[in-house]
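Enquirer: Below is the file coords32.pdb, with PDB, C-alpha atoms.
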```
ATOM      1  CA  MET A 328     -43.057 -94.716  19.357
ATOM      2  CA  MET A 329     -42.230 -92.768  16.200
ATOM      3  CA  LYS A 330     -40.491 -90.092  18.290
ATOM      4  CA  LYS A 331     -38.439 -92.776  19.988
ATOM      5  CA  TYR A 332     -37.263 -94.196  16.639
ATOM      6  CA  LEU A 333     -36.538 -90.713  15.374
ATOM      7  CA  PHE A 334     -34.394 -90.009  18.448
ATOM      8  CA  VAL A 335     -32.475 -93.286  18.000
ATOM      9  CA  PHE A 336     -31.950 -92.580  14.300
ATOM     10  CA  THR A 337     -30.709 -89.043  15.004
ATOM     11  CA  THR A 338     -28.342 -90.311  17.703
ATOM     12  CA  LEU A 339     -26.917 -92.993  15.416
ATOM     13  CA  LEU A 340     -26.505 -90.437  12.637
ATOM     14  CA  LEU A 341     -24.563 -88.117  14.917
ATOM     15  CA  ILE A 342     -22.375 -91.001  16.095
ATOM     16  CA  SER A 343     -21.668 -92.029  12.502
ATOM     17  CA  GLN A 344     -20.757 -88.449  11.614
ATOM     18  CA  VAL A 345     -18.291 -88.260  14.499
ATOM     19  CA  ALA A 346     -16.879 -91.679  13.611
ATOM     20  CA  SER A 347     -16.392 -90.696   9.986
ATOM     21  CA  ALA A 348     -14.711 -87.367  10.733
ATOM     22  CA  ALA A 349     -11.095 -86.591   9.889
ATOM     23  CA  LYS A 350      -8.770 -89.565  10.054
ATOM     24  CA  VAL A 351      -5.748 -89.405  12.371
ATOM     25  CA  ASP A 352      -2.671 -91.460  11.450
ATOM     26  CA  THR A 353       0.327 -91.975  13.717
ATOM     27  CA  LEU A 354       3.155 -92.324  11.258
ATOM     28  CA  THR A 355       6.602 -93.716  12.056
ATOM     29  CA  THR A 356       9.207 -92.053   9.869
ATOM     30  CA  TYR A 357      12.905 -92.701   9.499
ATOM     31  CA  SER A 358      15.457 -89.894   9.590
ATOM     32  CA  THR A 359      18.552 -90.772   7.609
ATOM     33  CA  ALA A 360      20.292 -87.677   8.989
ATOM     34  CA  MET A 361      19.787 -88.799  12.594
ATOM     35  CA  LYS A 362      19.608 -92.574  11.945
ATOM     36  CA  LYS A 363      16.472 -93.119  14.003
ATOM     37  CA  ASN A 364      12.697 -93.498  13.800
ATOM     38  CA  ILE A 365      10.561 -90.457  14.611
ATOM     39  CA  LYS A 366       6.786 -90.351  14.995
ATOM     40  CA  ALA A 367       4.391 -87.822  13.530
ATOM     41  CA  VAL A 368       0.630 -87.338  13.660
ATOM     42  CA  VAL A 369      -1.050 -86.893  10.277
ATOM     43  CA  VAL A 370      -4.622 -85.594  10.144
ATOM     44  CA  LEU A 371      -6.430 -86.328   6.878
ATOM     45  CA  PRO A 372      -9.731 -84.723   5.912
ATOM     46  CA  GLU A 373     -12.744 -87.028   6.054
ATOM     47  CA  ALA A 374     -13.234 -86.922   2.276
ATOM     48  CA  TYR A 375      -9.551 -87.679   1.540
ATOM     49  CA  VAL A 376      -9.083 -89.618  -1.705
ATOM     50  CA  ASP A 377      -5.930 -90.416  -3.645
ATOM     51  CA  SER A 378      -7.399 -88.985  -6.833
ATOM     52  CA  LYS A 379      -7.279 -85.447  -5.405
ATOM     53  CA  THR A 380      -4.279 -83.451  -4.183
ATOM     54  CA  TYR A 381      -4.364 -81.571  -0.878
ATOM     55  CA  PRO A 382      -2.381 -78.701   0.640
ATOM     56  CA  THR A 383      -0.346 -79.577   3.704
ATOM     57  CA  VAL A 384       0.210 -77.627   6.920
ATOM     58  CA  TYR A 385       3.091 -78.645   9.191
ATOM     59  CA  LEU A 386       2.112 -77.852  12.781
ATOM     60  CA  LEU A 387       4.966 -77.750  15.317
ATOM     61  CA  HIS A 388       4.727 -78.274  19.073
ATOM     62  CA  GLY A 389       6.381 -76.264  21.814
ATOM     63  CA  ALA A 390       9.167 -77.091  24.271
ATOM     64  CA  GLY A 391       8.331 -79.928  26.627
ATOM     65  CA  ASP A 392       5.764 -81.462  24.289
ATOM     66  CA  ASN A 393       5.760 -84.013  21.481
ATOM     67  CA  PHE A 394       4.102 -84.988  18.192
ATOM     68  CA  SER A 395       0.772 -85.851  19.867
ATOM     69  CA  GLY A 396       0.422 -82.575  21.756
ATOM     70  CA  TRP A 397      -1.685 -80.703  19.238
ATOM     71  CA  VAL A 398      -4.186 -83.429  18.408
ATOM     72  CA  ASN A 399      -4.662 -84.351  22.080
ATOM     73  CA  LYS A 400      -4.947 -80.834  23.482
ATOM     74  CA  VAL A 401      -6.721 -79.182  20.536
ATOM     75  CA  PRO A 402      -8.816 -81.906  18.882
ATOM     76  CA  SER A 403     -10.567 -79.205  16.840
ATOM     77  CA  ILE A 404      -7.661 -79.380  14.370
ATOM     78  CA  LYS A 405      -9.490 -82.426  12.975
ATOM     79  CA  LYS A 406     -12.489 -80.217  12.279
ATOM     80  CA  TYR A 407     -10.283 -77.694  10.500
ATOM     81  CA  ALA A 408      -8.727 -80.433   8.342
ATOM     82  CA  ASP A 409     -12.257 -81.226   7.156
ATOM     83  CA  GLN A 410     -13.382 -77.617   6.846
ATOM     84  CA  PHE A 411     -10.390 -76.470   4.819
ATOM     85  CA  GLN A 412      -9.695 -79.790   3.043
ATOM     86  CA  MET A 413      -6.058 -79.838   4.100
ATOM     87  CA  ILE A 414      -3.624 -82.370   5.541
ATOM     88  CA  ILE A 415      -2.171 -81.385   8.924
ATOM     89  CA  VAL A 416       1.165 -82.926   9.921
ATOM     90  CA  CYS A 417       2.424 -82.708  13.513
ATOM     91  CA  PRO A 418       6.125 -83.699  13.668
ATOM     92  CA  ASP A 419       8.027 -84.639  16.792
ATOM     93  CA  GLY A 420      10.623 -82.058  17.818
ATOM     94  CA  ASN A 421      12.240 -84.184  20.552
ATOM     95  CA  VAL A 422      11.038 -82.003  23.459
ATOM     96  CA  THR A 423      13.558 -79.160  23.027
ATOM     97  CA  SER A 424      15.210 -79.450  19.620
ATOM     98  CA  TRP A 425      14.211 -75.889  18.670
ATOM     99  CA  TYR A 426      14.129 -77.388  15.164
ATOM    100  CA  PHE A 427      17.850 -76.649  14.690
ATOM    101  CA  ASP A 428      20.541 -78.705  13.054
ATOM    102  CA  SER A 429      22.604 -78.467  16.199
ATOM    103  CA  PRO A 430      26.239 -77.373  15.771
ATOM    104  CA  GLU A 431      26.812 -78.598  19.318
ATOM    105  CA  ASP A 432      25.457 -82.125  18.871
ATOM    106  CA  PRO A 433      25.438 -83.565  15.325
ATOM    107  CA  THR A 434      22.868 -86.204  16.320
ATOM    108  CA  TRP A 435      20.225 -83.447  16.529
ATOM    109  CA  LYS A 436      19.274 -82.465  12.963
ATOM    110  CA  TYR A 437      15.659 -81.401  13.213
ATOM    111  CA  GLU A 438      15.942 -78.686  10.578
ATOM    112  CA  THR A 439      16.933 -81.335   8.041
ATOM    113  CA  TYR A 440      14.316 -83.749   9.328
ATOM    114  CA  VAL A 441      11.275 -81.428   9.219
ATOM    115  CA  SER A 442      12.120 -79.284   6.191
ATOM    116  CA  THR A 443      13.465 -82.031   3.935
ATOM    117  CA  GLU A 444      13.113 -85.619   5.138
ATOM    118  CA  LEU A 445       9.591 -85.422   6.561
ATOM    119  CA  VAL A 446       8.269 -83.320   3.667
ATOM    120  CA  ASN A 447       9.575 -85.927   1.210
ATOM    121  CA  ILE A 448       8.037 -88.769   3.223
ATOM    122  CA  ILE A 449       4.633 -87.060   3.427
ATOM    123  CA  ASP A 450       4.663 -86.204  -0.275
ATOM    124  CA  LYS A 451       5.473 -89.823  -1.136
ATOM    125  CA  LYS A 452       2.875 -91.419   1.164
ATOM    126  CA  TYR A 453      -0.056 -89.026   0.739
ATOM    127  CA  SER A 454      -1.755 -87.232  -2.136
ATOM    128  CA  THR A 455      -0.305 -83.785  -1.507
ATOM    129  CA  ILE A 456       0.305 -80.691  -3.602
ATOM    130  CA  LYS A 457       4.017 -81.274  -4.125
ATOM    131  CA  ASP A 458       4.989 -77.629  -4.390
ATOM    132  CA  ARG A 459       5.788 -74.766  -2.021
ATOM    133  CA  LYS A 460       2.475 -73.174  -3.044
ATOM    134  CA  GLY A 461       0.688 -76.067  -1.359
ATOM    135  CA  ARG A 462       2.743 -76.150   1.845
ATOM    136  CA  ALA A 463       2.614 -74.050   5.010
ATOM    137  CA  ILE A 464       4.211 -74.342   8.426
ATOM    138  CA  THR A 465       3.290 -72.912  11.824
ATOM    139  CA  GLY A 466       3.626 -73.728  15.502
ATOM    140  CA  LEU A 467       3.444 -72.494  19.060
ATOM    141  CA  SER A 468       6.257 -71.144  21.267
ATOM    142  CA  MET A 469       9.371 -73.158  20.344
ATOM    143  CA  GLY A 470       7.341 -74.332  17.353
ATOM    144  CA  GLY A 471       6.539 -70.747  16.408
ATOM    145  CA  HIS A 472      10.250 -70.049  16.293
ATOM    146  CA  GLY A 473      10.783 -73.298  14.404
ATOM    147  CA  ALA A 474       8.114 -72.595  11.803
ATOM    148  CA  LEU A 475       9.468 -69.157  10.866
ATOM    149  CA  TYR A 476      13.071 -70.362  11.145
ATOM    150  CA  LEU A 477      12.463 -73.250   8.740
ATOM    151  CA  ALA A 478      10.282 -71.256   6.345
ATOM    152  CA  PHE A 479      12.701 -68.322   6.151
ATOM    153  CA  LYS A 480      15.576 -70.711   5.408
ATOM    154  CA  HIS A 481      13.609 -72.997   3.085
ATOM    155  CA  GLN A 482      11.399 -70.782   0.961
ATOM    156  CA  ASP A 483      11.742 -73.312  -1.848
ATOM    157  CA  THR A 484       9.798 -75.753   0.361
ATOM    158  CA  PHE A 485       7.207 -73.585   2.130
ATOM    159  CA  GLY A 486       5.042 -70.894   0.591
ATOM    160  CA  ALA A 487       3.459 -69.706   3.841
ATOM    161  CA  ALA A 488       4.479 -69.585   7.490
ATOM    162  CA  GLY A 489       2.986 -68.654  10.824
ATOM    163  CA  SER A 490       3.869 -68.352  14.477
ATOM    164  CA  MET A 491       1.769 -68.418  17.641
ATOM    165  CA  SER A 492       3.499 -67.016  20.742
ATOM    166  CA  GLY A 493       6.800 -67.748  19.053
ATOM    167  CA  GLY A 494      10.208 -67.501  20.687
ATOM    168  CA  VAL A 495      11.360 -65.501  17.692
ATOM    169  CA  ASP A 496      14.445 -64.063  19.388
ATOM    170  CA  ILE A 497      16.293 -66.579  21.550
ATOM    171  CA  ARG A 498      19.043 -64.209  22.714
ATOM    172  CA  PRO A 499      17.179 -62.829  25.770
ATOM    173  CA  PHE A 500      16.740 -66.387  27.109
ATOM    174  CA  PRO A 501      20.249 -67.898  27.375
ATOM    175  CA  LEU A 502      19.390 -70.181  30.319
ATOM    176  CA  ASN A 503      15.996 -71.435  29.200
ATOM    177  CA  TRP A 504      14.505 -74.485  27.444
ATOM    178  CA  ASP A 505      17.802 -76.263  26.653
ATOM    179  CA  ILE A 506      18.708 -73.831  23.874
ATOM    180  CA  ALA A 507      22.307 -73.833  25.119
ATOM    181  CA  LYS A 508      22.423 -77.613  24.687
ATOM    182  CA  ARG A 509      21.605 -77.171  21.001
ATOM    183  CA  LEU A 510      23.790 -74.128  20.230
ATOM    184  CA  GLY A 511      26.362 -74.037  23.013
ATOM    185  CA  THR A 512      26.223 -71.343  25.663
ATOM    186  CA  GLU A 513      25.420 -67.796  24.567
ATOM    187  CA  ASP A 514      28.530 -66.319  26.194
ATOM    188  CA  LYS A 515      30.834 -68.815  24.448
ATOM    189  CA  PHE A 516      29.100 -68.895  21.041
ATOM    190  CA  PRO A 517      27.273 -65.566  20.661
ATOM    191  CA  GLU A 518      27.458 -65.749  16.865
ATOM    192  CA  ARG A 519      25.410 -68.958  16.893
ATOM    193  CA  TRP A 520      22.688 -67.280  18.921
ATOM    194  CA  GLU A 521      22.732 -64.295  16.587
ATOM    195  CA  LYS A 522      22.434 -66.229  13.342
ATOM    196  CA  ASN A 523      19.819 -68.675  14.666
ATOM    197  CA  SER A 524      17.369 -66.067  15.984
ATOM    198  CA  VAL A 525      14.431 -65.596  13.617
ATOM    199  CA  VAL A 526      14.539 -61.838  14.067
ATOM    200  CA  ASN A 527      17.979 -61.850  12.428
ATOM    201  CA  LEU A 528      16.917 -63.916   9.414
ATOM    202  CA  ILE A 529      14.705 -61.288   7.784
ATOM    203  CA  TYR A 530      17.490 -60.557   5.286
ATOM    204  CA  LEU A 531      16.597 -63.886   3.635
ATOM    205  CA  LEU A 532      13.118 -62.650   2.704
ATOM    206  CA  THR A 533      11.906 -61.155  -0.548
ATOM    207  CA  PRO A 534       8.726 -59.067  -0.278
ATOM    208  CA  ASN A 535       5.584 -61.093  -1.102
ATOM    209  CA  LYS A 536       7.367 -64.392  -1.702
ATOM    210  CA  LEU A 537       6.470 -65.945   1.661
ATOM    211  CA  ALA A 538       3.004 -65.376   3.177
ATOM    212  CA  ILE A 539       3.547 -64.668   6.901
ATOM    213  CA  ASN A 540       1.077 -64.661   9.804
ATOM    214  CA  ILE A 541       2.322 -63.885  13.324
ATOM    215  CA  ASP A 542       0.259 -63.597  16.495
ATOM    216  CA  CYS A 543       0.929 -63.353  20.211
ATOM    217  CA  GLY A 544      -1.013 -62.765  23.416
ATOM    218  CA  ARG A 545      -0.653 -59.391  25.116
ATOM    219  CA  ASP A 546       0.296 -61.050  28.407
ATOM    220  CA  ASP A 547       2.761 -63.501  26.874
ATOM    221  CA  PHE A 548       6.408 -63.405  27.965
ATOM    222  CA  PHE A 549       7.320 -63.511  24.258
ATOM    223  CA  TYR A 550       5.223 -60.418  23.520
ATOM    224  CA  GLY A 551       8.262 -58.114  23.401
ATOM    225  CA  VAL A 552      10.264 -60.192  20.925
ATOM    226  CA  ASN A 553       7.217 -60.591  18.677
ATOM    227  CA  MET A 554       6.712 -56.833  18.621
ATOM    228  CA  GLN A 555      10.393 -56.482  17.749
ATOM    229  CA  LEU A 556      10.020 -58.909  14.845
ATOM    230  CA  HIS A 557       6.916 -57.103  13.595
ATOM    231  CA  GLU A 558       8.686 -53.730  13.625
ATOM    232  CA  LYS A 559      11.710 -55.150  11.830
ATOM    233  CA  LEU A 560       9.527 -56.729   9.144
ATOM    234  CA  LEU A 561       7.808 -53.365   8.656
ATOM    235  CA  TYR A 562      11.152 -51.580   8.421
ATOM    236  CA  ASN A 563      12.281 -54.026   5.739
ATOM    237  CA  ASN A 564       8.993 -53.716   3.801
ATOM    238  CA  ILE A 565       8.085 -57.382   4.264
ATOM    239  CA  PRO A 566       4.283 -57.762   4.079
ATOM    240  CA  HIS A 567       2.840 -59.872   6.881
ATOM    241  CA  ASP A 568      -0.212 -60.276   9.093
ATOM    242  CA  PHE A 569       0.438 -59.424  12.729
ATOM    243  CA  THR A 570      -2.148 -59.853  15.488
ATOM    244  CA  ILE A 571      -2.051 -59.134  19.194
ATOM    245  CA  ARG A 572      -4.927 -60.653  21.157
ATOM    246  CA  PRO A 573      -5.773 -60.814  24.846
ATOM    247  CA  GLY A 574      -4.140 -63.884  26.306
ATOM    248  CA  ALA A 575      -1.035 -65.482  27.726
ATOM    249  CA  HIS A 576       1.309 -68.372  26.945
ATOM    250  CA  ASN A 577      -1.190 -71.207  27.303
ATOM    251  CA  TRP A 578      -3.453 -73.662  25.514
ATOM    252  CA  GLU A 579      -6.487 -71.445  25.901
ATOM    253  CA  TYR A 580      -4.755 -68.919  23.656
ATOM    254  CA  TRP A 581      -3.409 -71.463  21.137
ATOM    255  CA  SER A 582      -6.761 -73.292  20.878
ATOM    256  CA  ASN A 583      -8.251 -70.029  19.664
ATOM    257  CA  SER A 584      -5.291 -68.950  17.562
ATOM    258  CA  ILE A 585      -4.947 -72.092  15.460
ATOM    259  CA  GLY A 586      -8.265 -71.519  13.680
ATOM    260  CA  PHE A 587      -7.113 -68.110  12.451
ATOM    261  CA  GLN A 588      -3.764 -69.516  11.365
ATOM    262  CA  LEU A 589      -5.346 -72.297   9.319
ATOM    263  CA  MET A 590      -7.883 -69.898   7.787
ATOM    264  CA  PHE A 591      -4.981 -67.657   6.729
ATOM    265  CA  PHE A 592      -3.229 -70.600   5.073
ATOM    266  CA  ASN A 593      -6.436 -71.763   3.405
ATOM    267  CA  ASN A 594      -6.964 -68.306   1.917
ATOM    268  CA  ASN A 595      -3.365 -68.295   0.714
ATOM    269  CA  PHE A 596      -3.679 -71.751  -0.868
ATOM    270  CA  ASN A 597      -6.808 -70.659  -2.700
ATOM    271  CA  LYS A 598      -5.026 -67.667  -4.234
ATOM    272  CA  LYS A 599      -2.716 -69.919  -6.197
TER
END
```
Can you present the structure in this file as structure tokens?
Expert:
Amino acid sequence: MMKKYLFVFTTLLLISQVASAAKVDTLTTYSTAMKKNIKAVVVLPEAYVDSKTYPTVYLLHGAGDNFSGWVNKVPSIKKYADQFQMIIVCPDGNVTSWYFDSPEDPTWKYETYVSTELVNIIDKKYSTIKDRKGRAITGLSMGGHGALYLAFKHQDTFGAAGSMSGGVDIRPFPLNWDIAKRLGTEDKFPERWEKNSVVNLIYLLTPNKLAINIDCGRDDFFYGVNMQLHEKLLYNNIPHDFTIRPGAHNWEYWSNSIGFQLMFFNNNFNKK
């Protein structure tokens, strides 16, 4: 009988631990720039209290996905929020925004939304470290491009940035993922494609100001452009972590990669 009670107690304890794990909010935010409501997932560590301030990681989804993609497909991000005592924010990038302020369609201003509007909303609603030293941004594929793109252009907002399988040079892909809808066609507006490719934004960087972590699978179709970015960062003496692992452009790879990304950011936060 004692063993039976012990088993029931242990089971209830495990259930209570799962139930009391990281809290997931679905937040409706308003973009003044785009005059519409946009949803975001916010993962808070289990021990979150207003009396303490927490670092924040903005985690961007890829093309074809939305704000709920990360938490649904990689629920372990809740565990990492607890482990590293950080807030994880998953914005909505409207399927294929590429996180640009589109020169082609002024109703698409996702650079402004993520880098300014959403950051201000999160800092107002939650107990965050309201400084670039307490903010990082990363993402997969389109989100990997977006994270580096936004961090390179807004180093006053983000102190660290990462990319997983990022589309860090859009020029080789003029017909893919609705990029032409955001920038205009590559043949008609080549200068837009040049100045909005991450690989061409390295000139904005100062060595050691922005902590950078880039990774990509060896069998990924973005492998070549990530190698190109790595070599260009080396040439320009920009310190960064760069990792090639076995893997392709899929959730199996990103489910593994995200833990390393968040550990990198945690280590960077703790240096401050």
Enquirer: Distance atom CA of Asn593 of chain A-atom CA of Thr355 of chain A, one decimal place?
Expert: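 Atom-to-atom, atom CA of Asn593 of chain A and atom CA of Thr355 of chain A are spaced 27.0 Å apart.
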Enquirer: Between atom CA of Lys508 of chain A and atom CA of Asp432 of chain A, what distance in Å does the model show, to one decimal?
Expert: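 Distance between the two atoms: 8.0 Å.
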Enquirer: Given all atoms listed in the file as the basis, pick out the residue of A:Phe549, A:Pro534, A:Tyr357, A:Gln555 nearest to Glu444 of chain A.
Expert: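 Among the listed residues, the smallest separation from Glu444 of chain A belongs to A:Tyr357.
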Enquirer: Would you mind listing what lies within 10 Å of Leu537 of chain A as number ranges by chain, with only C-alpha atoms counted and same-chain residues fewer than 4 positions away left out?
Expert: A: 459-460, 463, 478-479, 482-483, 485-488, 532-533, 565-567
Enquirer: Quick check, in Å to one decimal: how far apart do atom CA of Met469 of chain A and atom CA of Gly389 of chain A lie?
Expert: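 Atom-to-atom, atom CA of Met469 of chain A to atom CA of Gly389 of chain A, that is 4.6 Å.
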Enquirer: Run through the PyMOL selection byres ((chain A and resi 462) around 12) on the given coordinates and return the selected residues as a PyMOL selection string.
Expert: chain A and resi 380-386+413-416+442+446-447+449-450+455-461+463-465+474+478+481-489+537-538+589+592-593+595-597+599
Enquirer: Please provide as a PDB file with C-alpha atoms, in the frame of the given file all residues within 9 Å of segment 509-518 of chain A, with the sequence filter that same-chain residues fewer than 2 positions apart are discarded (counting only C-alpha atoms).
Expert:
```pdb
ATOM      1  CA  THR A 423      13.558 -79.160  23.027  1.00  0.00           C
ATOM      2  CA  SER A 424      15.210 -79.450  19.620  1.00  0.00           C
ATOM      3  CA  TRP A 425      14.211 -75.889  18.670  1.00  0.00           C
ATOM      4  CA  PHE A 427      17.850 -76.649  14.690  1.00  0.00           C
ATOM      5  CA  ASP A 428      20.541 -78.705  13.054  1.00  0.00           C
ATOM      6  CA  SER A 429      22.604 -78.467  16.199  1.00  0.00           C
ATOM      7  CA  PRO A 430      26.239 -77.373  15.771  1.00  0.00           C
ATOM      8  CA  GLU A 431      26.812 -78.598  19.318  1.00  0.00           C
ATOM      9  CA  ASP A 432      25.457 -82.125  18.871  1.00  0.00           C
ATOM     10  CA  TRP A 435      20.225 -83.447  16.529  1.00  0.00           C
ATOM     11  CA  ARG A 498      19.043 -64.209  22.714  1.00  0.00           C
ATOM     12  CA  PRO A 501      20.249 -67.898  27.375  1.00  0.00           C
ATOM     13  CA  LEU A 502      19.390 -70.181  30.319  1.00  0.00           C
ATOM     14  CA  ASP A 505      17.802 -76.263  26.653  1.00  0.00           C
ATOM     15  CA  ILE A 506      18.708 -73.831  23.874  1.00  0.00           C
ATOM     16  CA  ALA A 507      22.307 -73.833  25.119  1.00  0.00           C
ATOM     17  CA  TRP A 520      22.688 -67.280  18.921  1.00  0.00           C
ATOM     18  CA  GLU A 521      22.732 -64.295  16.587  1.00  0.00           C
ATOM     19  CA  LYS A 522      22.434 -66.229  13.342  1.00  0.00           C
ATOM     20  CA  ASN A 523      19.819 -68.675  14.666  1.00  0.00           C
TER      21      ASN A 523
END
```
Enquirer: Evaluate the PyMOL selection byres ((chain A and resi 580-585) around 12) and record the selected residues as a VMD selection string, following the chain and residue labels used in the document.
Expert: chain A and resid 384 386 to 389 396 to 408 415 464 to 468 470 to 471 489 to 493 540 to 547 570 to 579 586 to 592
Enquirer: Hey, what comes out of the PyMOL selection byres ((chain A and resi 352-354) around 7) on this file? Could you write it as a list in words?
Expert: Lys350, Val351, Thr355, Thr356, Lys366, Ala367, Val368, Val369 and Val370 of chain A
Enquirer: May I have the residues within 7 Å of Gly420 of chain A as a VMD selection string, using all atoms listed in the file and disregarding those fewer than 5 positions away in the same chain?
Expert: chain A and resid 393 426 437
Enquirer: Any chance you can output those residues with C-alpha atoms as a PDB file, in the coordinates of the input?
Expert:
```
ATOM      1  CA  ASN A 393       5.760 -84.013  21.481  1.00  0.00           C
ATOM      2  CA  TYR A 426      14.129 -77.388  15.164  1.00  0.00           C
ATOM      3  CA  TYR A 437      15.659 -81.401  13.213  1.00  0.00           C
TER       4      TYR A 437
END
```
Enquirer: Of the candidates A:Tyr550, A:Met361, A:Asn563, A:His472, which one gets nearest to Pro433 of chain A if we count only C-alpha atoms?
Expert: A:Met361
Enquirer: My list of candidates is A:Phe569, A:Phe411, A:Tyr375, A:Tyr530. Which is closest to Met554 of chain A when distances are computed with all atoms listed in the file?
Expert: A:Phe569
Enquirer: Padding of 5 Å on every side, edges along x, y and z, all listed atoms of segment 537-547 of chain A included: what centre and edge lengths in Å, to one decimal, does that box have, as AutoDock Vina command-line options?
Expert:
```
--center_x 2.7 --center_y -62.7 --center_z 15.0 --size_x 17.5 --size_y 16.6 --size_z 36.7
```
Enquirer: Here is a test: counting only C-alpha atoms, which residue of A:Leu445, A:Gly551, A:Leu477, A:Lys436 is nearest to Lys362 of chain A?
Expert: A:Lys436
Enquirer: Identify which of the residues A:Val441, A:Ala374, A:Leu528, A:Ile365 lies closest to Gln412 of chain A, counting all atoms listed in the file when measuring atom-to-atom distances.
Expert: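 Residue with the minimum atom-to-atom distance to Gln412 of chain A: A:Ala374.
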